[in-house]
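Student: Just so it is clear, I am handing over structure_15.txt, which has compact mmCIF, C-alpha atoms.
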# COMPACT_ATOMS: atom_id res chain seq x y z
CA MET D 173 0.00 0.00 0.00
CA SER D 174 1.32 3.42 -0.94
CA GLN D 175 2.01 5.62 2.04
CA GLU D 176 1.64 8.85 0.09
CA LYS D 177 -0.06 11.39 2.32
CA LEU D 178 -2.91 13.73 1.46
CA HIS D 179 -3.59 17.07 3.06
CA SER D 180 -7.03 17.83 4.48
CA VAL D 181 -8.48 20.49 6.72
CA LEU D 182 -10.79 19.07 9.37
CA THR D 183 -13.13 21.01 11.63
CA VAL D 184 -12.71 19.33 15.03
CA ASN D 185 -14.62 20.66 18.04
CA GLY D 186 -15.00 23.99 16.26
CA GLU D 187 -11.32 24.38 15.34
CA GLN D 188 -9.75 24.04 11.90
CA ARG D 189 -7.01 21.42 12.00
CA ASP D 190 -4.52 20.65 9.24
CA VAL D 191 -4.03 16.94 8.72
CA LEU D 192 -1.56 15.00 6.61
CA ALA D 193 -2.53 11.35 6.38
CA PRO D 194 -2.52 8.38 3.99
CA VAL D 195 -5.78 7.76 2.06
CA ALA D 196 -6.46 4.64 4.12
CA ALA D 197 -6.15 6.50 7.44
CA THR D 198 -9.42 6.51 9.34
CA LEU D 199 -10.73 9.52 11.20
CA LEU D 200 -10.03 7.50 14.36
CA ASP D 201 -6.32 7.14 13.41
CA VAL D 202 -6.07 10.84 12.69
CA LEU D 203 -7.85 11.97 15.85
CA ARG D 204 -5.73 9.81 18.12
CA SER D 205 -2.32 9.74 16.44
CA GLY D 206 -2.38 12.91 14.37
CA LEU D 207 -4.24 15.32 16.64
CA GLY D 208 -3.58 13.76 20.05
CA LEU D 209 -7.30 13.52 20.84
CA THR D 210 -7.08 10.16 22.60
CA GLY D 211 -10.48 10.34 24.31
CA THR D 212 -11.96 8.55 21.28
CA LYS D 213 -11.10 4.88 21.74
CA CYS D 214 -10.12 2.15 19.32
CA GLY D 215 -11.90 -1.05 20.32
CA CYS D 216 -12.71 -3.42 17.45
CA ASN D 217 -11.67 -1.13 14.54
CA HIS D 218 -14.37 -2.54 12.27
CA GLY D 219 -17.57 -0.86 13.35
CA VAL D 220 -19.01 -3.25 15.90
CA CYS D 221 -18.14 -1.90 19.37
CA GLY D 222 -18.94 1.84 19.28
CA ALA D 223 -15.92 2.94 21.37
CA CYS D 224 -14.82 5.21 18.50
CA THR D 225 -18.15 7.04 18.17
CA VAL D 226 -17.99 10.73 17.25
CA LEU D 227 -20.50 13.18 15.78
CA LEU D 228 -20.31 14.28 12.14
CA ASP D 229 -22.57 17.28 11.55
CA GLY D 230 -24.34 16.28 14.77
CA LYS D 231 -25.03 12.71 13.62
CA LEU D 232 -23.49 9.62 15.22
CA ALA D 233 -20.60 8.17 13.25
CA ARG D 234 -18.05 5.41 13.65
CA SER D 235 -14.71 7.20 13.34
CA CYS D 236 -13.12 3.81 12.51
CA LEU D 237 -15.39 3.46 9.46
CA THR D 238 -14.84 7.02 8.27
CA LEU D 239 -11.80 7.85 6.15
CA ALA D 240 -10.25 11.14 7.26
CA VAL D 241 -9.77 12.19 3.65
CA ASP D 242 -13.52 11.67 2.95
CA VAL D 243 -14.83 13.80 5.86
CA GLY D 244 -14.85 16.90 3.68
CA ASP D 245 -16.35 19.98 5.31
CA ARG D 246 -18.46 18.07 7.83
CA SER D 247 -17.99 19.26 11.37
CA ILE D 248 -16.52 16.72 13.82
CA THR D 249 -17.34 16.59 17.53
CA THR D 250 -15.30 14.28 19.74
CA ILE D 251 -15.62 13.48 23.44
CA GLU D 252 -13.18 16.35 24.09
CA GLY D 253 -15.78 18.72 22.60
CA ILE D 254 -18.65 17.54 24.81
CA ALA D 255 -17.76 19.00 28.20
CA GLY D 256 -18.10 22.72 28.89
CA ASP D 257 -15.23 24.78 30.32
CA GLY D 258 -13.69 22.38 32.79
CA ASP D 259 -17.06 20.99 33.73
CA PHE D 260 -18.88 17.82 32.75
CA SER D 261 -21.92 17.81 30.48
CA ALA D 262 -25.29 16.72 31.86
CA VAL D 263 -24.84 13.30 30.23
CA GLN D 264 -21.39 12.83 31.75
CA ARG D 265 -22.65 13.97 35.15
CA ALA D 266 -25.57 11.53 35.00
CA LEU D 267 -23.24 8.62 34.19
CA ILE D 268 -20.95 9.52 37.09
CA ASP D 269 -23.83 10.01 39.54
CA SER D 270 -25.40 6.69 38.58
CA GLY D 271 -22.18 4.70 38.95
CA ALA D 272 -22.40 3.84 35.25
CA ILE D 273 -18.65 3.88 34.67
CA GLN D 274 -16.59 0.80 35.37
CA CYS D 275 -13.33 0.39 33.44
CA GLY D 276 -14.33 3.44 31.38
CA PHE D 277 -13.04 2.30 28.00
CA CYS D 278 -16.48 2.32 26.36
CA THR D 279 -17.63 5.47 28.20
CA PRO D 280 -16.65 8.08 25.57
CA GLY D 281 -18.69 6.18 22.96
CA PHE D 282 -21.69 5.94 25.29
CA VAL D 283 -21.41 9.66 26.10
CA MET D 284 -21.47 10.49 22.37
CA ALA D 285 -24.47 8.22 21.72
CA LEU D 286 -26.42 9.69 24.66
CA SER D 287 -25.42 13.27 23.78
CA GLU D 288 -26.83 12.77 20.27
CA LEU D 289 -30.02 11.24 21.71
CA PHE D 290 -30.63 14.06 24.22
CA ALA D 291 -29.89 16.72 21.61
CA ARG D 292 -32.87 15.54 19.53
CA ASP D 293 -35.12 14.18 22.31
CA PRO D 294 -34.79 15.64 25.84
CA HIS D 295 -37.20 13.06 27.30
CA PRO D 296 -36.54 9.71 25.65
CA ASP D 297 -38.31 6.63 27.03
CA ARG D 298 -36.48 3.40 27.85
CA GLU D 299 -37.03 2.00 24.37
CA ALA D 300 -35.52 5.11 22.74
CA VAL D 301 -32.55 4.93 25.13
CA ARG D 302 -31.95 1.27 24.36
CA THR D 303 -32.19 1.86 20.61
CA ALA D 304 -29.77 4.80 20.84
CA LEU D 305 -27.29 2.63 22.75
CA SER D 306 -27.74 -0.49 20.59
CA GLY D 307 -24.46 0.15 18.78
CA ASN D 308 -22.28 0.48 21.88
CA LEU D 309 -20.74 -2.46 23.69
CA CYS D 310 -19.68 -2.38 27.36
CA ARG D 311 -17.56 -5.44 28.16
CA CYS D 312 -17.91 -4.80 31.88
CA SER D 313 -21.59 -5.31 30.93
CA GLY D 314 -22.66 -2.25 32.89
CA TYR D 315 -25.71 -1.66 30.71
CA VAL D 316 -28.28 -1.51 33.50
CA LYS D 317 -26.62 1.47 35.20
CA ILE D 318 -25.98 3.18 31.87
CA VAL D 319 -29.66 2.93 30.91
CA GLU D 320 -30.65 4.08 34.43
CA ALA D 321 -28.40 7.13 34.09
CA ALA D 322 -30.10 8.04 30.82
CA GLU D 323 -33.56 7.53 32.29
CA GLN D 324 -32.76 9.75 35.28
CA LEU D 325 -31.54 12.43 32.94
CA ALA D 326 -34.66 12.03 30.79
CA GLY D 327 -36.91 12.41 33.81
CA GLY D 328 -34.96 15.06 35.69
CA ALA D 329 -34.09 18.67 35.03
CA HIS D 330 -31.30 19.15 32.54
CA GLU D 331 -30.25 21.48 29.77
CA MET G 81 -3.71 4.29 -2.88
CA ASP G 82 -5.13 7.43 -4.42
CA TYR G 83 -8.41 9.16 -3.72
CA LEU G 84 -10.79 11.12 -5.93
CA ALA G 85 -14.10 12.74 -5.01
CA PRO G 86 -15.74 13.63 -8.34
CA ALA G 87 -18.77 15.93 -8.46
CA THR G 88 -20.51 14.21 -11.38
CA LEU G 89 -21.24 10.67 -12.54
CA ASP G 90 -19.28 11.17 -15.79
CA GLU G 91 -16.17 12.12 -13.82
CA ALA G 92 -16.73 9.10 -11.57
CA TYR G 93 -16.95 6.76 -14.58
CA ARG G 94 -13.65 8.16 -15.89
CA ALA G 95 -12.03 7.78 -12.46
CA LEU G 96 -13.18 4.15 -12.24
CA ALA G 97 -11.48 3.25 -15.54
CA THR G 98 -8.22 2.75 -13.61
CA GLU G 99 -7.40 -0.85 -12.75
CA ASP G 100 -8.37 -1.88 -9.21
CA SER G 101 -10.52 1.17 -8.39
CA ARG G 102 -13.30 0.94 -5.86
CA CYS G 103 -16.32 3.12 -5.18
CA LEU G 104 -16.52 4.54 -1.67
CA ALA G 105 -20.12 5.23 -0.62
CA GLY G 106 -20.84 5.46 3.13
CA GLY G 107 -17.74 3.41 3.96
CA GLN G 108 -19.54 1.25 6.50
CA SER G 109 -18.55 -2.00 4.76
CA LEU G 110 -15.53 -1.03 2.66
CA VAL G 111 -13.56 0.74 5.41
CA ALA G 112 -14.14 -2.19 7.78
CA LEU G 113 -12.69 -4.52 5.12
CA MET G 114 -9.75 -2.13 4.59
CA ASN G 115 -9.06 -2.01 8.34
CA LEU G 116 -9.09 -5.81 8.45
CA GLY G 117 -6.53 -5.87 5.62
CA LEU G 118 -8.91 -7.73 3.30
CA VAL G 119 -9.17 -4.99 0.67
CA SER G 120 -6.55 -2.52 -0.49
CA PRO G 121 -7.64 -0.89 -3.74
CA ALA G 122 -5.25 1.17 -5.87
CA ARG G 123 -7.82 3.96 -6.08
CA LEU G 124 -10.86 5.04 -4.09
CA VAL G 125 -13.57 6.98 -5.90
CA SER G 126 -15.77 8.69 -3.32
CA LEU G 127 -19.39 9.14 -4.43
CA ARG G 128 -20.10 11.59 -1.60
CA ARG G 129 -20.33 14.74 -3.74
CA ILE G 130 -22.47 13.38 -6.60
CA GLN G 131 -25.93 14.94 -6.33
CA ALA G 132 -27.39 12.63 -9.01
CA LEU G 133 -27.03 9.71 -6.56
CA ARG G 134 -29.18 11.37 -3.89
CA GLY G 135 -32.90 11.72 -3.36
CA ILE G 136 -36.02 9.56 -3.15
CA ASP G 137 -38.33 10.36 -6.06
CA PRO G 138 -41.84 9.00 -6.69
CA GLN G 139 -42.28 7.93 -10.33
CA SER G 140 -45.41 8.12 -12.52
CA ASP G 141 -45.92 4.32 -12.32
CA GLY G 142 -46.18 4.48 -8.53
CA SER G 143 -42.66 3.20 -7.90
CA LEU G 144 -39.96 4.98 -5.88
CA ARG G 145 -36.60 5.79 -7.39
CA ILE G 146 -34.12 5.71 -4.52
CA GLY G 147 -30.74 7.27 -5.22
CA ALA G 148 -27.87 4.92 -4.38
CA MET G 149 -26.37 7.33 -1.81
CA THR G 150 -29.61 7.41 0.22
CA THR G 151 -28.75 6.45 3.80
CA HIS G 152 -30.42 3.73 5.85
CA ALA G 153 -31.62 6.46 8.27
CA GLU G 154 -33.33 8.35 5.42
CA LEU G 155 -35.12 5.17 4.30
CA ALA G 156 -35.97 4.19 7.88
CA ALA G 157 -37.70 7.56 8.35
CA LEU G 158 -40.00 7.04 5.35
CA GLU G 159 -43.67 6.84 6.27
CA VAL G 160 -45.04 5.06 3.25
CA ALA G 161 -48.16 2.97 2.79
CA PRO G 162 -47.63 0.83 -0.34
CA PRO G 163 -46.35 -2.54 0.86
CA GLY G 164 -43.31 -2.60 -1.47
CA HIS G 165 -42.08 0.72 -0.08
CA ALA G 166 -43.02 -0.07 3.52
CA LEU G 167 -41.01 -3.30 3.30
CA LEU G 168 -37.86 -1.42 2.38
CA ALA G 169 -38.35 1.13 5.17
CA GLN G 170 -38.82 -1.71 7.69
CA ALA G 171 -35.63 -3.42 6.53
CA ALA G 172 -33.72 -0.10 6.78
CA ARG G 173 -34.77 0.27 10.43
CA VAL G 174 -32.98 -2.94 11.43
CA VAL G 175 -29.73 -2.49 9.48
CA ALA G 176 -26.93 -2.40 12.07
CA TYR G 177 -26.90 0.51 14.58
CA PRO G 178 -27.85 4.21 14.57
CA ALA G 179 -24.27 5.33 13.72
CA VAL G 180 -24.10 2.96 10.76
CA ARG G 181 -27.62 3.87 9.62
CA ALA G 182 -26.66 7.55 9.62
CA TRP G 183 -23.91 7.09 7.00
CA GLY G 184 -24.35 3.68 5.36
CA THR G 185 -26.12 3.80 1.99
CA ILE G 186 -28.44 1.50 0.07
CA GLY G 187 -26.06 1.42 -2.91
CA GLY G 188 -23.17 0.57 -0.63
CA SER G 189 -25.18 -2.27 0.88
CA VAL G 190 -26.47 -3.68 -2.41
CA ALA G 191 -23.26 -3.57 -4.46
CA PRO G 192 -21.14 -5.79 -2.14
CA ALA G 193 -24.00 -8.37 -2.01
CA ASP G 194 -23.26 -9.67 1.47
CA PRO G 195 -25.44 -12.78 1.88
CA ALA G 196 -26.38 -11.69 5.41
CA ALA G 197 -27.37 -8.11 4.47
CA ASP G 198 -30.94 -6.89 4.85
CA TYR G 199 -31.70 -4.91 1.68
CA PRO G 200 -31.05 -7.67 -0.86
CA VAL G 201 -33.77 -9.79 0.77
CA ALA G 202 -36.29 -6.93 0.86
CA LEU G 203 -35.51 -5.87 -2.72
CA VAL G 204 -35.94 -9.39 -4.12
CA ALA G 205 -39.25 -9.79 -2.24
CA ALA G 206 -40.49 -6.41 -3.51
CA ASP G 207 -39.59 -7.14 -7.17
CA ALA G 208 -37.28 -4.12 -7.19
CA THR G 209 -34.92 -3.31 -10.03
CA ILE G 210 -31.36 -2.05 -9.73
CA GLU G 211 -30.28 0.84 -11.96
CA LEU G 212 -26.66 0.64 -13.10
CA GLY G 213 -24.65 3.33 -14.84
CA SER G 214 -21.35 3.39 -16.67
CA ALA G 215 -19.53 5.42 -19.31
CA SER G 216 -21.40 3.43 -21.96
CA GLY G 217 -24.87 4.17 -20.57
CA ALA G 218 -27.48 3.07 -18.05
CA ARG G 219 -29.33 -0.23 -17.67
CA ARG G 220 -31.80 -1.78 -15.26
CA ILE G 221 -31.81 -5.32 -13.94
CA ALA G 222 -34.26 -7.16 -11.68
CA ALA G 223 -32.95 -7.56 -8.12
CA HIS G 224 -33.25 -11.35 -8.29
CA ASP G 225 -31.01 -11.37 -11.39
CA PHE G 226 -28.58 -8.84 -9.90
CA PHE G 227 -27.53 -11.03 -6.96
CA ARG G 228 -25.63 -13.88 -8.61
CA GLY G 229 -23.63 -15.62 -5.90
CA LEU G 230 -21.59 -15.14 -2.76
CA PHE G 231 -20.51 -11.45 -2.89
CA GLU G 232 -21.15 -11.68 -6.64
CA THR G 233 -23.44 -9.44 -8.69
CA ALA G 234 -24.27 -8.51 -12.27
CA LEU G 235 -22.12 -5.35 -11.95
CA SER G 236 -19.49 -5.10 -14.69
CA ARG G 237 -16.14 -3.39 -14.23
CA GLY G 238 -16.58 0.38 -14.24
CA GLU G 239 -20.30 0.21 -13.45
CA ILE G 240 -21.91 1.97 -10.50
CA VAL G 241 -25.22 1.19 -8.76
CA THR G 242 -26.95 4.53 -9.38
CA ALA G 243 -30.45 3.89 -7.99
CA ILE G 244 -32.96 1.33 -6.81
CA HIS G 245 -36.50 1.26 -8.23
CA VAL G 246 -39.10 -0.18 -5.89
CA PRO G 247 -42.65 -0.83 -7.17
CA PRO G 248 -45.54 -0.19 -4.77
CA GLY G 249 -46.54 -3.86 -4.68
CA PRO G 250 -50.05 -5.35 -4.82
CA LYS G 251 -53.10 -3.56 -3.43
CA ASP G 252 -54.77 -5.05 -0.35
CA ALA G 253 -51.48 -6.39 0.98
CA GLY G 254 -49.14 -5.57 3.85
CA ALA G 255 -45.41 -5.97 4.36
CA ALA G 256 -43.14 -7.37 7.06
CA TYR G 257 -39.42 -7.84 7.45
CA GLU G 258 -38.64 -10.44 10.09
CA LYS G 259 -35.00 -10.63 11.12
CA LEU G 260 -33.68 -13.27 13.48
CA SER G 261 -30.41 -12.11 15.03
CA LEU G 262 -28.43 -12.75 18.20
CA VAL G 263 -28.51 -9.10 19.32
CA ALA G 264 -30.02 -5.92 17.92
CA GLY G 265 -27.92 -4.61 15.06
CA ASP G 266 -26.09 -7.81 14.26
CA PHE G 267 -26.28 -9.41 10.84
CA ALA G 268 -29.24 -11.77 10.46
CA ILE G 269 -29.05 -15.47 11.25
CA ILE G 270 -31.88 -15.66 8.76
CA SER G 271 -34.42 -13.08 7.64
CA VAL G 272 -37.70 -13.12 5.72
CA ALA G 273 -39.16 -10.23 3.73
CA ALA G 274 -42.82 -10.72 2.89
CA ILE G 275 -45.59 -8.90 1.05
CA ALA G 276 -48.87 -10.67 1.69
CA GLY G 277 -52.61 -10.33 1.22
CA ARG G 278 -54.64 -13.14 -0.34
CA THR G 279 -51.34 -14.64 -1.52
CA ALA G 280 -47.77 -14.02 -0.42
CA GLN G 281 -44.53 -13.16 -2.19
CA LEU G 282 -41.40 -13.38 -0.12
CA ALA G 283 -37.65 -13.73 -0.02
CA VAL G 284 -35.41 -15.41 2.52
CA GLY G 285 -31.92 -14.26 3.49
CA GLY G 286 -29.18 -16.16 5.28
CA CYS G 287 -30.07 -19.53 3.75
CA GLY G 288 -27.62 -19.46 0.86
CA PRO G 289 -25.39 -17.13 -1.16
CA VAL G 290 -28.32 -15.14 -2.58
CA PRO G 291 -31.88 -14.41 -1.40
CA LEU G 292 -34.32 -17.26 -2.09
CA ARG G 293 -37.63 -16.23 -3.61
CA LEU G 294 -41.17 -17.58 -3.31
CA ALA G 295 -44.17 -16.00 -5.04
CA GLY G 296 -47.89 -16.67 -5.33
CA ILE G 297 -48.03 -19.00 -2.34
CA GLY G 298 -51.03 -19.63 -0.10
CA VAL G 299 -51.22 -17.85 3.25
CA SER G 300 -52.73 -20.46 5.59
CA ASP G 301 -50.33 -21.45 8.40
CA GLU G 302 -50.32 -24.97 7.02
CA ALA G 303 -49.42 -23.87 3.47
CA LEU G 304 -46.70 -21.51 4.72
CA LEU G 305 -45.04 -24.10 6.95
CA LYS G 306 -45.15 -26.64 4.11
CA GLU G 307 -43.58 -24.17 1.66
CA GLY G 308 -41.01 -23.30 4.32
CA ARG G 309 -40.03 -26.93 4.88
CA THR G 310 -39.68 -27.50 1.13
CA LEU G 311 -37.55 -24.38 0.76
CA ALA G 312 -35.42 -25.33 3.78
CA ALA G 313 -34.73 -28.77 2.31
CA LYS G 314 -33.62 -27.22 -1.00
CA SER G 315 -31.61 -24.40 0.61
CA ASP G 316 -27.89 -24.32 1.29
CA PRO G 317 -27.46 -22.33 4.51
CA PRO G 318 -24.02 -21.75 6.02
CA SER G 319 -22.86 -22.99 9.41
CA ASP G 320 -21.00 -20.18 11.14
CA HIS G 321 -20.43 -18.59 14.54
CA ARG G 322 -24.05 -17.38 14.59
CA ALA G 323 -25.84 -20.68 13.93
CA THR G 324 -25.56 -24.06 12.26
CA ALA G 325 -27.09 -24.87 8.88
CA ALA G 326 -29.45 -27.29 10.61
CA TYR G 327 -30.68 -24.54 12.96
CA ARG G 328 -31.31 -22.20 10.04
CA ARG G 329 -33.32 -24.88 8.20
CA ARG G 330 -35.27 -25.62 11.37
CA VAL G 331 -36.37 -22.02 12.07
CA LEU G 332 -37.01 -21.01 8.46
CA PRO G 333 -40.63 -22.31 8.13
CA GLU G 334 -41.74 -20.58 11.34
CA LEU G 335 -40.06 -17.28 10.41
CA ILE G 336 -41.87 -17.38 7.05
CA ARG G 337 -45.17 -17.98 8.85
CA ARG G 338 -44.58 -15.08 11.22
CA ALA G 339 -43.53 -12.68 8.47
CA VAL G 340 -46.66 -13.43 6.43
CA ARG G 341 -48.99 -13.20 9.45
CA THR G 342 -47.46 -9.83 10.42
CA ALA G 343 -47.65 -8.58 6.84
CA ILE G 344 -51.33 -9.49 6.54
CA ALA G 345 -52.09 -7.84 9.87
CA ARG G 346 -50.56 -4.60 8.54
CA THR G 347 -52.71 -4.54 5.39
CA GLY G 348 -54.13 -1.08 4.89
CA SER G 349 -52.15 0.48 7.72
Kindly return the structure encoded in the file as structure tokens.
Tutor:
Amino acid sequence: MSQEKLHSVLTVNGEQRDVLAPVAATLLDVLRSGLGLTGTKCGCNHGVCGACTVLLDGKLARSCLTLAVDVGDRSITTIEGIAGDGDFSAVQRALIDSGAIQCGFCTPGFVMALSELFARDPHPDREAVRTALSGNLCRCSGYVKIVEAAEQLAGGAHE
Amino acid sequence: MDYLAPATLDEAYRALATEDSRCLAGGQSLVALMNLGLVSPARLVSLRRIQALRGIDPQSDGSLRIGAMTTHAELAALEVAPPGHALLAQAARVVAYPAVRAWGTIGGSVAPADPAADYPVALVAADATIELGSASGARRIAAHDFFRGLFETALSRGEIVTAIHVPPGPKDAGAAYEKLSLVAGDFAIISVAAIAGRTAQLAVGGCGPVPLRLAGIGVSDEALLKEGRTLAAKSDPPSDHRATAAYRRRVLPELIRRAVRTAIARTGS
């Protein structure tokens, strides 16, 4: 495989970033190795586990199934772009308060999936929560607490 | 590996003339295969910027022309009554996960012809046709002739799946896509796509390299189970980490029965 690199300009968490990467480099590779944004995790690297989930133009995306060179002008939001200034987002706070974090490897992906859900539906029911999380695996199998965190957030006061 | 993102179909056809070029649609299958080291094309031709591949357009004969770059999420959101169209929307709702549905496309699902994929089954059941384009012109081919074998289709070198045409299906019929899988979002162990009223037309996925088709069959439980047993005996299902061939043959008749019952119950809804 040729290692010739292509230049692209990516909009990551509101900032323009210059990237030089081979055609076959995924957005996940570029975020972690090129831009040092290591909050996005590499689990299975073929679209099954959800640990690499980011938002592209506000929609959930697998960064491992997205080629960096093909992102174009779509705006990228990673886990680093979710929290406010030094504070946690409501989704992150709910996960912490509910004890929904065990080893934490899958957590960034779950935070992205829940952030996307709450952005379009502030009061999702259990079914909507489960559907939204259907593409994220937690190998500590902490699903019950994760769903409870989302339900508390759905029922309680939040932004 | 080089990369091109043409803005028009004609530019894409020229770009694909290079040996070992591949179309990149939503990337949800191709990039996974690249990451696994199974595919390493000399050139990627991204279809992302081509407007002619987008849009869902009703045609004068009642069919829908679905641009190849239409995402699963766009199809899943369709609220359509004709059973042929409803069947496709139902299949779209159970393709993988929300993140994959947001970017994966119908063209990108149909062209690789994965035997466990959802759309091929629904398209064969709905008597859909696949529209193909190339530098030498466009042609249309029935879905059941398009899928030829394991990961094998009627696509020639340099051809692109440009659209899918789905007829409305018979009046006084409903549609159901029944997918048996280990967990939500996984590929099907087997699946059945059915359009049924007084008779049923259906296709079965996961029981061989291409969808198996049945048409004009009776809709009593007895008739359906009998047809299912006959089809199971003739079928060639795989044994893999999801299920054995014997298991697939065993559950097939009942899944056919359920799909047809559900389809009939949805008639007129």
Student: Under the rule that only C-alpha atoms are counted, which of G:Arg94, G:Arg181, G:Arg134, G:Arg328 is the nearest residue to chain D?
Tutor: G:Arg181
Student: So how far away is atom CA of G:Asp82 from atom CA of D:Ala193, in Å?
Tutor: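 That distance, rounded to one decimal, is 11.8 Å.
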Student: For chain G, which of D:Ala285, D:Val202, D:Ala262, D:Cys278 is the closest residue, counting all atoms listed in the file?
Tutor: D:Ala285
Student: State, in Å with one decimal place, the distance from atom CA of D:Ala223 to atom CA of D:Leu200.
Tutor: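 Atom-to-atom, atom CA of D:Ala223 and atom CA of D:Leu200 are spaced 10.2 Å apart.
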Student: With a distance cut-off of 12 Å and all atoms listed in the file, select the neighbouring residues of stretch 176-186 of chain D, excluding the residue or stretch itself and same-chain residues fewer than 5 positions from it, and output the selection as a VMD selection string.
Tutor: (chain D and resid 191 to 197 199 202 to 203 206 to 209 226 to 230 239 to 256) or (chain G and resid 81 to 84 122)
Student: Which residue, G:Ile275, G:Cys103, G:Leu116, G:Leu133, has the smallest gap to chain D when you use only C-alpha atoms?
Tutor: G:Leu116
Student: Find the residue from D:Val220, D:Val283, D:Ala233, D:Ala291 that sits nearest to D:Ile268; use only C-alpha atoms when measuring.
Tutor: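 Ranking D:Val220, D:Val283, D:Ala233, D:Ala291 by distance to D:Ile268, first place goes to D:Val283.
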Student: Residues near D:His218, anyone? I mean within 7 Å using all atoms listed in the file, not counting same-chain ones fewer than 3 positions away, as a VMD selection string.
Tutor: (chain D and resid 236 to 237) or (chain G and resid 112 115)
